[in-house]
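query-v9.txt (compact mmCIF, N, CA and C atoms) appears below.
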# COMPACT_ATOMS: atom_id res chain seq x y z
N MET A 1091 62.22 85.04 -22.39
CA MET A 1091 61.70 84.61 -23.67
C MET A 1091 60.94 85.79 -24.30
N GLU A 1092 61.23 86.06 -25.54
CA GLU A 1092 60.62 87.17 -26.27
C GLU A 1092 59.42 86.65 -27.07
N PHE A 1093 58.27 87.30 -26.90
CA PHE A 1093 57.07 86.91 -27.64
C PHE A 1093 56.82 87.90 -28.76
N VAL A 1094 56.36 87.37 -29.91
CA VAL A 1094 55.98 88.20 -31.05
C VAL A 1094 54.57 87.81 -31.46
N ASP A 1095 53.81 88.78 -31.97
CA ASP A 1095 52.45 88.49 -32.44
C ASP A 1095 52.51 87.42 -33.53
N ARG A 1096 51.56 86.47 -33.44
CA ARG A 1096 51.51 85.39 -34.43
C ARG A 1096 50.15 85.37 -35.10
N LEU A 1097 50.09 84.94 -36.34
CA LEU A 1097 48.86 84.84 -37.10
C LEU A 1097 48.38 83.39 -37.06
N LEU A 1098 47.18 83.17 -36.51
CA LEU A 1098 46.61 81.82 -36.41
C LEU A 1098 45.33 81.74 -37.22
N THR A 1099 44.90 80.52 -37.55
CA THR A 1099 43.68 80.29 -38.31
C THR A 1099 42.60 79.73 -37.39
N CYS A 1100 41.40 80.32 -37.44
CA CYS A 1100 40.27 79.91 -36.60
C CYS A 1100 39.75 78.54 -37.07
N ALA A 1101 39.50 77.66 -36.12
CA ALA A 1101 39.00 76.32 -36.43
C ALA A 1101 37.53 76.34 -36.85
N ASP A 1102 36.77 77.37 -36.45
CA ASP A 1102 35.35 77.44 -36.80
C ASP A 1102 35.11 78.14 -38.14
N CYS A 1103 35.56 79.39 -38.25
CA CYS A 1103 35.24 80.18 -39.45
C CYS A 1103 36.35 80.14 -40.50
N GLY A 1104 37.53 79.67 -40.14
CA GLY A 1104 38.64 79.61 -41.09
C GLY A 1104 39.35 80.93 -41.28
N GLY A 1105 38.91 81.97 -40.61
CA GLY A 1105 39.54 83.28 -40.72
C GLY A 1105 40.83 83.34 -39.90
N GLU A 1106 41.64 84.31 -40.22
CA GLU A 1106 42.88 84.48 -39.49
C GLU A 1106 42.70 85.47 -38.35
N PHE A 1107 43.40 85.24 -37.25
CA PHE A 1107 43.36 86.16 -36.12
C PHE A 1107 44.75 86.24 -35.52
N ILE A 1108 45.00 87.32 -34.79
CA ILE A 1108 46.32 87.56 -34.22
C ILE A 1108 46.37 87.05 -32.78
N PHE A 1109 47.36 86.24 -32.52
CA PHE A 1109 47.65 85.76 -31.16
C PHE A 1109 48.76 86.66 -30.65
N THR A 1110 48.37 87.67 -29.88
CA THR A 1110 49.31 88.73 -29.50
C THR A 1110 50.36 88.24 -28.52
N ALA A 1111 51.43 89.02 -28.38
CA ALA A 1111 52.51 88.69 -27.45
C ALA A 1111 51.99 88.68 -26.02
N GLY A 1112 51.08 89.62 -25.70
CA GLY A 1112 50.49 89.66 -24.36
C GLY A 1112 49.66 88.42 -24.07
N GLU A 1113 48.89 87.97 -25.06
CA GLU A 1113 48.10 86.75 -24.88
C GLU A 1113 49.01 85.54 -24.72
N GLN A 1114 50.11 85.52 -25.45
CA GLN A 1114 51.06 84.41 -25.33
C GLN A 1114 51.67 84.38 -23.92
N LEU A 1115 51.97 85.55 -23.39
CA LEU A 1115 52.51 85.64 -22.03
C LEU A 1115 51.47 85.14 -21.02
N PHE A 1116 50.22 85.53 -21.24
CA PHE A 1116 49.12 85.07 -20.37
C PHE A 1116 49.02 83.54 -20.42
N PHE A 1117 49.08 82.96 -21.62
CA PHE A 1117 49.00 81.51 -21.77
C PHE A 1117 50.17 80.83 -21.05
N LEU A 1118 51.35 81.45 -21.12
CA LEU A 1118 52.52 80.89 -20.44
C LEU A 1118 52.33 80.94 -18.92
N ASP A 1119 51.83 82.08 -18.42
CA ASP A 1119 51.59 82.23 -16.98
C ASP A 1119 50.58 81.22 -16.46
N LYS A 1120 49.54 80.97 -17.25
CA LYS A 1120 48.49 80.02 -16.86
C LYS A 1120 48.88 78.58 -17.16
N GLN A 1121 50.05 78.39 -17.77
CA GLN A 1121 50.56 77.07 -18.14
C GLN A 1121 49.65 76.34 -19.11
N PHE A 1122 49.01 77.10 -20.03
CA PHE A 1122 48.23 76.49 -21.08
C PHE A 1122 49.19 75.87 -22.09
N LYS A 1123 48.91 74.67 -22.52
CA LYS A 1123 49.81 73.97 -23.42
C LYS A 1123 49.54 74.27 -24.88
N ASN A 1124 48.29 74.54 -25.26
CA ASN A 1124 47.90 74.72 -26.65
C ASN A 1124 47.60 76.17 -26.97
N ASP A 1125 47.84 76.54 -28.23
CA ASP A 1125 47.46 77.87 -28.71
C ASP A 1125 45.94 77.92 -28.86
N PRO A 1126 45.35 79.13 -28.87
CA PRO A 1126 43.90 79.21 -29.08
C PRO A 1126 43.53 78.71 -30.47
N LYS A 1127 42.34 78.11 -30.58
CA LYS A 1127 41.89 77.56 -31.86
C LYS A 1127 40.85 78.43 -32.54
N ARG A 1128 40.24 79.34 -31.78
CA ARG A 1128 39.14 80.15 -32.33
C ARG A 1128 39.43 81.63 -32.16
N CYS A 1129 38.93 82.41 -33.12
CA CYS A 1129 39.02 83.87 -33.01
C CYS A 1129 38.04 84.34 -31.93
N LYS A 1130 38.18 85.58 -31.50
CA LYS A 1130 37.34 86.08 -30.40
C LYS A 1130 35.85 86.05 -30.74
N PRO A 1131 35.40 86.45 -31.94
CA PRO A 1131 33.96 86.37 -32.23
C PRO A 1131 33.42 84.93 -32.18
N CYS A 1132 34.17 83.97 -32.72
CA CYS A 1132 33.72 82.57 -32.69
C CYS A 1132 33.73 82.03 -31.26
N LYS A 1133 34.73 82.44 -30.50
CA LYS A 1133 34.82 82.00 -29.10
C LYS A 1133 33.65 82.53 -28.30
N SER A 1134 33.31 83.81 -28.48
CA SER A 1134 32.19 84.38 -27.73
C SER A 1134 30.86 83.78 -28.20
N ARG A 1135 30.72 83.53 -29.50
CA ARG A 1135 29.50 82.90 -30.02
C ARG A 1135 29.35 81.50 -29.44
N ARG A 1136 30.45 80.78 -29.37
CA ARG A 1136 30.42 79.42 -28.85
C ARG A 1136 30.08 79.41 -27.36
N SER A 1137 30.62 80.38 -26.60
CA SER A 1137 30.34 80.41 -25.16
C SER A 1137 28.89 80.82 -24.88
N THR A 1138 28.31 81.72 -25.70
CA THR A 1138 26.91 82.10 -25.48
C THR A 1138 25.98 80.95 -25.85
N LEU A 1139 26.33 80.17 -26.86
CA LEU A 1139 25.51 79.00 -27.19
C LEU A 1139 25.55 77.99 -26.06
N GLY A 1140 26.71 77.81 -25.46
CA GLY A 1140 26.85 76.89 -24.34
C GLY A 1140 26.10 77.38 -23.12
N ALA A 1141 26.09 78.70 -22.90
CA ALA A 1141 25.38 79.27 -21.75
C ALA A 1141 23.88 79.14 -21.92
N ASN A 1142 23.38 79.24 -23.15
CA ASN A 1142 21.95 79.10 -23.39
C ASN A 1142 21.49 77.66 -23.25
N ALA A 1143 22.38 76.71 -23.53
CA ALA A 1143 22.01 75.31 -23.42
C ALA A 1143 21.79 74.92 -21.96
N ALA A 1144 22.57 75.49 -21.08
CA ALA A 1144 22.44 75.18 -19.66
C ALA A 1144 21.74 76.33 -18.95
N THR A 1145 20.48 76.14 -18.64
CA THR A 1145 19.75 77.18 -17.92
C THR A 1145 20.25 77.24 -16.50
N PRO A 1146 20.30 78.44 -15.89
CA PRO A 1146 20.81 78.55 -14.52
C PRO A 1146 19.96 77.74 -13.56
N GLY A 1147 20.62 76.96 -12.75
CA GLY A 1147 19.92 76.16 -11.75
C GLY A 1147 19.29 74.90 -12.31
N GLY A 1148 19.52 74.64 -13.60
CA GLY A 1148 18.91 73.48 -14.23
C GLY A 1148 19.63 72.19 -13.95
N GLY A 1149 20.89 72.27 -13.56
CA GLY A 1149 21.65 71.08 -13.27
C GLY A 1149 22.28 70.49 -14.52
N PRO A 1150 22.94 69.36 -14.36
CA PRO A 1150 23.67 68.78 -15.48
C PRO A 1150 22.76 68.26 -16.59
N ALA A 1151 21.54 67.86 -16.27
CA ALA A 1151 20.65 67.33 -17.29
C ALA A 1151 20.27 68.39 -18.32
N SER A 1152 20.07 69.63 -17.88
CA SER A 1152 19.70 70.70 -18.81
C SER A 1152 20.85 71.07 -19.72
N ALA A 1153 22.08 70.79 -19.29
CA ALA A 1153 23.25 71.08 -20.12
C ALA A 1153 23.54 69.94 -21.08
N GLY A 1154 22.73 68.89 -21.04
CA GLY A 1154 22.93 67.76 -21.92
C GLY A 1154 23.87 66.71 -21.34
N ILE A 1155 24.24 66.86 -20.09
CA ILE A 1155 25.13 65.89 -19.45
C ILE A 1155 24.26 64.92 -18.67
N SER A 1156 24.37 63.64 -19.00
CA SER A 1156 23.55 62.66 -18.27
C SER A 1156 24.34 62.15 -17.08
N ARG A 1157 23.64 61.95 -16.00
CA ARG A 1157 24.26 61.47 -14.78
C ARG A 1157 24.06 59.97 -14.69
N THR A 1158 25.11 59.24 -14.40
CA THR A 1158 25.03 57.79 -14.33
C THR A 1158 24.26 57.40 -13.08
N GLU A 1159 23.20 56.65 -13.27
CA GLU A 1159 22.41 56.13 -12.15
C GLU A 1159 22.48 54.62 -12.22
N THR A 1160 22.79 53.99 -11.09
CA THR A 1160 22.90 52.54 -11.04
C THR A 1160 21.90 52.00 -10.03
N ARG A 1161 21.13 51.00 -10.47
CA ARG A 1161 20.19 50.35 -9.55
C ARG A 1161 20.95 49.26 -8.80
N THR A 1162 20.80 49.24 -7.50
CA THR A 1162 21.49 48.26 -6.66
C THR A 1162 20.68 48.00 -5.41
N GLN A 1163 21.12 47.06 -4.62
CA GLN A 1163 20.42 46.70 -3.39
C GLN A 1163 21.19 47.27 -2.20
N CYS A 1164 20.48 47.87 -1.25
CA CYS A 1164 21.09 48.44 -0.05
C CYS A 1164 21.69 47.31 0.79
N SER A 1165 22.91 47.51 1.26
CA SER A 1165 23.60 46.50 2.05
C SER A 1165 23.02 46.35 3.46
N GLU A 1166 22.32 47.40 3.94
CA GLU A 1166 21.76 47.36 5.30
C GLU A 1166 20.34 46.79 5.32
N CYS A 1167 19.42 47.44 4.59
CA CYS A 1167 18.01 47.06 4.69
C CYS A 1167 17.54 46.18 3.54
N GLY A 1168 18.30 46.11 2.44
CA GLY A 1168 17.96 45.20 1.35
C GLY A 1168 17.02 45.77 0.30
N ILE A 1169 16.56 47.02 0.42
CA ILE A 1169 15.65 47.55 -0.59
C ILE A 1169 16.44 47.91 -1.86
N VAL A 1170 15.75 47.92 -2.99
CA VAL A 1170 16.38 48.31 -4.24
C VAL A 1170 16.42 49.82 -4.30
N THR A 1171 17.59 50.38 -4.58
CA THR A 1171 17.79 51.82 -4.59
C THR A 1171 18.60 52.22 -5.81
N THR A 1172 18.61 53.49 -6.10
CA THR A 1172 19.39 54.03 -7.21
C THR A 1172 20.48 54.91 -6.62
N VAL A 1173 21.72 54.72 -7.08
CA VAL A 1173 22.85 55.51 -6.60
C VAL A 1173 23.51 56.21 -7.78
N PRO A 1174 24.11 57.39 -7.54
CA PRO A 1174 24.70 58.16 -8.64
C PRO A 1174 26.14 57.75 -8.98
N PHE A 1175 26.49 56.50 -8.75
CA PHE A 1175 27.84 56.02 -9.06
C PHE A 1175 27.76 54.53 -9.34
N LYS A 1176 28.84 53.98 -9.88
CA LYS A 1176 28.88 52.54 -10.13
C LYS A 1176 29.54 51.88 -8.93
N PRO A 1177 28.81 51.04 -8.18
CA PRO A 1177 29.37 50.44 -6.98
C PRO A 1177 30.56 49.54 -7.30
N THR A 1178 31.53 49.50 -6.39
CA THR A 1178 32.70 48.64 -6.56
C THR A 1178 32.53 47.40 -5.71
N GLN A 1179 33.18 46.33 -6.14
CA GLN A 1179 33.07 45.05 -5.45
C GLN A 1179 33.64 45.14 -4.04
N GLY A 1180 32.92 44.59 -3.07
CA GLY A 1180 33.42 44.52 -1.71
C GLY A 1180 33.12 45.74 -0.84
N ARG A 1181 32.51 46.77 -1.41
CA ARG A 1181 32.18 47.95 -0.61
C ARG A 1181 30.67 48.02 -0.44
N PRO A 1182 30.19 48.32 0.77
CA PRO A 1182 28.74 48.37 0.99
C PRO A 1182 28.12 49.59 0.30
N VAL A 1183 26.89 49.39 -0.18
CA VAL A 1183 26.13 50.47 -0.81
C VAL A 1183 24.89 50.68 0.04
N LEU A 1184 24.66 51.93 0.45
CA LEU A 1184 23.54 52.23 1.33
C LEU A 1184 22.49 53.07 0.60
N CYS A 1185 21.22 52.85 0.96
CA CYS A 1185 20.17 53.74 0.47
C CYS A 1185 20.26 55.06 1.24
N ARG A 1186 19.47 56.03 0.85
CA ARG A 1186 19.55 57.35 1.46
C ARG A 1186 19.23 57.30 2.97
N GLN A 1187 18.20 56.53 3.34
CA GLN A 1187 17.81 56.48 4.75
C GLN A 1187 18.89 55.80 5.61
N CYS A 1188 19.45 54.71 5.12
CA CYS A 1188 20.50 54.01 5.89
C CYS A 1188 21.77 54.85 5.96
N PHE A 1189 22.07 55.57 4.88
CA PHE A 1189 23.25 56.43 4.88
C PHE A 1189 23.11 57.53 5.93
N LYS A 1190 21.92 58.15 5.99
CA LYS A 1190 21.70 59.21 6.98
C LYS A 1190 21.74 58.67 8.40
N ALA A 1191 21.19 57.47 8.60
CA ALA A 1191 21.17 56.88 9.94
C ALA A 1191 22.57 56.48 10.39
N LYS A 1192 23.41 56.05 9.46
CA LYS A 1192 24.74 55.58 9.81
C LYS A 1192 25.73 56.73 10.01
N ARG A 1193 25.42 57.86 9.45
CA ARG A 1193 26.31 59.02 9.51
C ARG A 1193 26.38 59.55 10.95
N PRO A 1194 27.59 59.79 11.47
CA PRO A 1194 27.69 60.29 12.85
C PRO A 1194 27.18 61.72 12.94
N PRO A 1195 26.60 62.10 14.09
CA PRO A 1195 26.13 63.48 14.22
C PRO A 1195 27.31 64.43 14.18
N ASN A 1196 27.08 65.60 13.67
CA ASN A 1196 28.14 66.59 13.54
C ASN A 1196 28.42 67.20 14.91
N ILE A 1197 29.53 66.82 15.51
CA ILE A 1197 29.88 67.28 16.86
C ILE A 1197 30.18 68.77 16.86
N ALA A 1198 30.80 69.25 15.80
CA ALA A 1198 31.14 70.68 15.73
C ALA A 1198 29.88 71.54 15.76
N THR A 1199 28.84 71.10 15.09
CA THR A 1199 27.59 71.85 15.08
C THR A 1199 26.99 71.90 16.47
N GLN A 1200 26.98 70.79 17.18
CA GLN A 1200 26.41 70.75 18.52
C GLN A 1200 27.22 71.65 19.46
N ALA A 1201 28.54 71.65 19.32
CA ALA A 1201 29.38 72.51 20.16
C ALA A 1201 29.10 73.98 19.89
N THR A 1202 28.87 74.31 18.62
CA THR A 1202 28.56 75.69 18.25
C THR A 1202 27.23 76.12 18.85
N VAL A 1203 26.25 75.24 18.82
CA VAL A 1203 24.93 75.54 19.39
C VAL A 1203 25.07 75.77 20.90
N ASN A 1204 25.83 74.92 21.57
CA ASN A 1204 26.01 75.06 23.02
C ASN A 1204 26.74 76.37 23.36
N ALA A 1205 27.78 76.69 22.61
CA ALA A 1205 28.54 77.92 22.87
C ALA A 1205 27.67 79.15 22.63
N THR A 1206 26.86 79.13 21.60
CA THR A 1206 25.97 80.26 21.32
C THR A 1206 24.95 80.42 22.43
N ALA A 1207 24.41 79.32 22.92
CA ALA A 1207 23.44 79.38 24.01
C ALA A 1207 24.08 79.97 25.27
N GLU A 1208 25.33 79.60 25.54
CA GLU A 1208 26.02 80.16 26.71
C GLU A 1208 26.26 81.66 26.55
N LEU A 1209 26.65 82.09 25.35
CA LEU A 1209 26.86 83.52 25.11
C LEU A 1209 25.58 84.32 25.28
N VAL A 1210 24.49 83.78 24.79
CA VAL A 1210 23.21 84.47 24.92
C VAL A 1210 22.81 84.56 26.39
N ALA A 1211 23.02 83.48 27.14
CA ALA A 1211 22.68 83.48 28.56
C ALA A 1211 23.54 84.48 29.31
N ASP A 1212 24.84 84.54 29.01
CA ASP A 1212 25.73 85.50 29.67
C ASP A 1212 25.36 86.94 29.32
N ALA A 1213 25.04 87.18 28.08
CA ALA A 1213 24.72 88.54 27.63
C ALA A 1213 23.41 89.03 28.25
N SER A 1214 22.46 88.14 28.45
CA SER A 1214 21.18 88.57 29.02
C SER A 1214 21.28 88.86 30.52
N SER A 1215 22.33 88.36 31.18
CA SER A 1215 22.47 88.59 32.61
C SER A 1215 23.23 89.88 32.93
N THR A 1216 23.82 90.54 31.94
CA THR A 1216 24.55 91.78 32.19
C THR A 1216 23.59 92.96 32.22
N PRO A 1217 23.92 94.07 32.95
CA PRO A 1217 23.04 95.23 33.03
C PRO A 1217 22.83 95.90 31.68
N ALA A 1218 23.84 95.91 30.81
CA ALA A 1218 23.67 96.54 29.50
C ALA A 1218 22.63 95.80 28.68
N ALA A 1219 22.60 94.46 28.83
CA ALA A 1219 21.61 93.68 28.10
C ALA A 1219 20.22 93.97 28.63
N ALA A 1220 20.10 94.22 29.92
CA ALA A 1220 18.81 94.56 30.49
C ALA A 1220 18.31 95.88 29.93
N ASP A 1221 19.23 96.86 29.77
CA ASP A 1221 18.84 98.14 29.17
C ASP A 1221 18.43 97.96 27.72
N ARG A 1222 19.13 97.09 26.98
CA ARG A 1222 18.76 96.85 25.57
C ARG A 1222 17.40 96.19 25.48
N ALA A 1223 17.04 95.39 26.48
CA ALA A 1223 15.76 94.71 26.46
C ALA A 1223 14.62 95.67 26.73
N LYS A 1224 14.89 96.79 27.42
CA LYS A 1224 13.85 97.78 27.70
C LYS A 1224 13.53 98.58 26.46
N GLY A 1225 12.34 99.13 26.43
CA GLY A 1225 11.95 100.00 25.32
C GLY A 1225 12.64 101.34 25.44
N PRO A 1226 12.59 102.18 24.40
CA PRO A 1226 13.28 103.46 24.43
C PRO A 1226 12.73 104.40 25.51
N THR A 1227 11.42 104.35 25.79
CA THR A 1227 10.87 105.24 26.81
C THR A 1227 11.31 104.81 28.21
N GLU A 1228 11.40 103.49 28.42
CA GLU A 1228 11.84 102.99 29.73
C GLU A 1228 13.29 103.35 29.96
N MET A 1229 14.13 103.26 28.88
CA MET A 1229 15.55 103.57 29.03
C MET A 1229 15.75 105.03 29.37
N SER A 1230 15.01 105.91 28.71
CA SER A 1230 15.22 107.33 28.98
C SER A 1230 14.78 107.68 30.39
N ALA A 1231 13.73 107.03 30.90
CA ALA A 1231 13.28 107.29 32.24
C ALA A 1231 14.29 106.77 33.25
N SER A 1232 14.86 105.56 32.98
CA SER A 1232 15.81 105.02 33.94
C SER A 1232 17.14 105.78 33.89
N SER A 1233 17.55 106.27 32.72
CA SER A 1233 18.80 107.01 32.65
C SER A 1233 18.62 108.39 33.27
N GLN A 1234 17.40 108.97 33.20
CA GLN A 1234 17.18 110.27 33.82
C GLN A 1234 17.21 110.14 35.33
N SER A 1235 16.68 109.04 35.87
CA SER A 1235 16.67 108.88 37.32
C SER A 1235 18.09 108.67 37.85
N THR A 1236 18.98 108.05 37.03
CA THR A 1236 20.34 107.85 37.50
C THR A 1236 21.15 109.14 37.40
N GLN A 1237 20.75 110.07 36.50
CA GLN A 1237 21.48 111.31 36.33
C GLN A 1237 21.09 112.31 37.44
N ALA A 1238 19.91 112.21 37.99
CA ALA A 1238 19.44 113.19 38.98
C ALA A 1238 20.08 113.04 40.32

Could I get this structure in the form of structure tokens?
Amino acid sequence: MEFVDRLLTCADCGGEFIFTAGEQLFFLDKQFKNDPKRCKPCKSRRSTLGANAATPGGGPASAGISRTETRTQCSECGIVTTVPFKPTQGRPVLCRQCFKAKRPPNIATQATVNATAELVADASSTPAAADRAKGPTEMSASSQSTQA
């Protein structure tokens, strides 16, 4: 397919801009369905305004996006709690404490802790580990006695 530069009209400023053949190829590669609506200056202005609205680390509320909070009763302990979703019929809803208590312990984490402990124990029993545990003056004295 042969691409040719096309002249488009910006939706914000009404000015004309060129949609180049290279940009069209990029849009095809990315499987974008629509042509661009804004010229580069309007697009960059729009993106900087959006970046200023959402402060870094502020979360969705600072960006103007409200999070749905639903008040409901915990299926386990019965206290009134707030959940970040709309509960569906027939499925239990748990408060934070009941959810944490019901969650199974992470077996992979415990296995990693055990394996690390074994490696540390094995490493400390080797002679090289004993030399690493000594200070630099002790090592030089012990290596000199073995060289003599």

Give me, as a PyMOL selection string, all polymer residues having an atom no more than 7 Å from Glu1159 of chain A, counting all atoms listed in the file and skipping those fewer than 5 positions away in the same chain.
chain A and resi 1172-1176

Do you have the atom N of Ser1134 of chain A-atom N of Ile1108 of chain A distance handy?
13.7 Å

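With atom CA of Cys1103 of chain A on one side and atom CA of Phe1122 of chain A on the other, the separation reads 22.8 Å.
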
For Cys1129 of chain A: contacts at 6.5 Å, only N, CA and C atoms, fewer than 2 positions along chain excluded, given as a count of residues only:
11

Shell of 8 Å around Gln1163 of chain A, all atoms listed in the file, local chain residues under 3 positions omitted, as a VMD selection string
chain A and resid 1160 1166 to 1172 1182 to 1185

Smallest atom-to-atom distance to Leu1098 of chain A: which of A:Lys1130, A:Arg1193, A:Lys1123, A:Arg1186, using only C-alpha atoms?
A:Lys1130

Between atom N of Phe1109 of chain A and atom CA of Asn1124 of chain A, distance in Å (one decimal)
12.9 Å

Find the residue from A:Ser1137, A:Phe1117, A:Thr1158, A:Ser1165 that sits nearest to Cys1188 of chain A; use only C-alpha atoms when measuring.
A:Ser1165
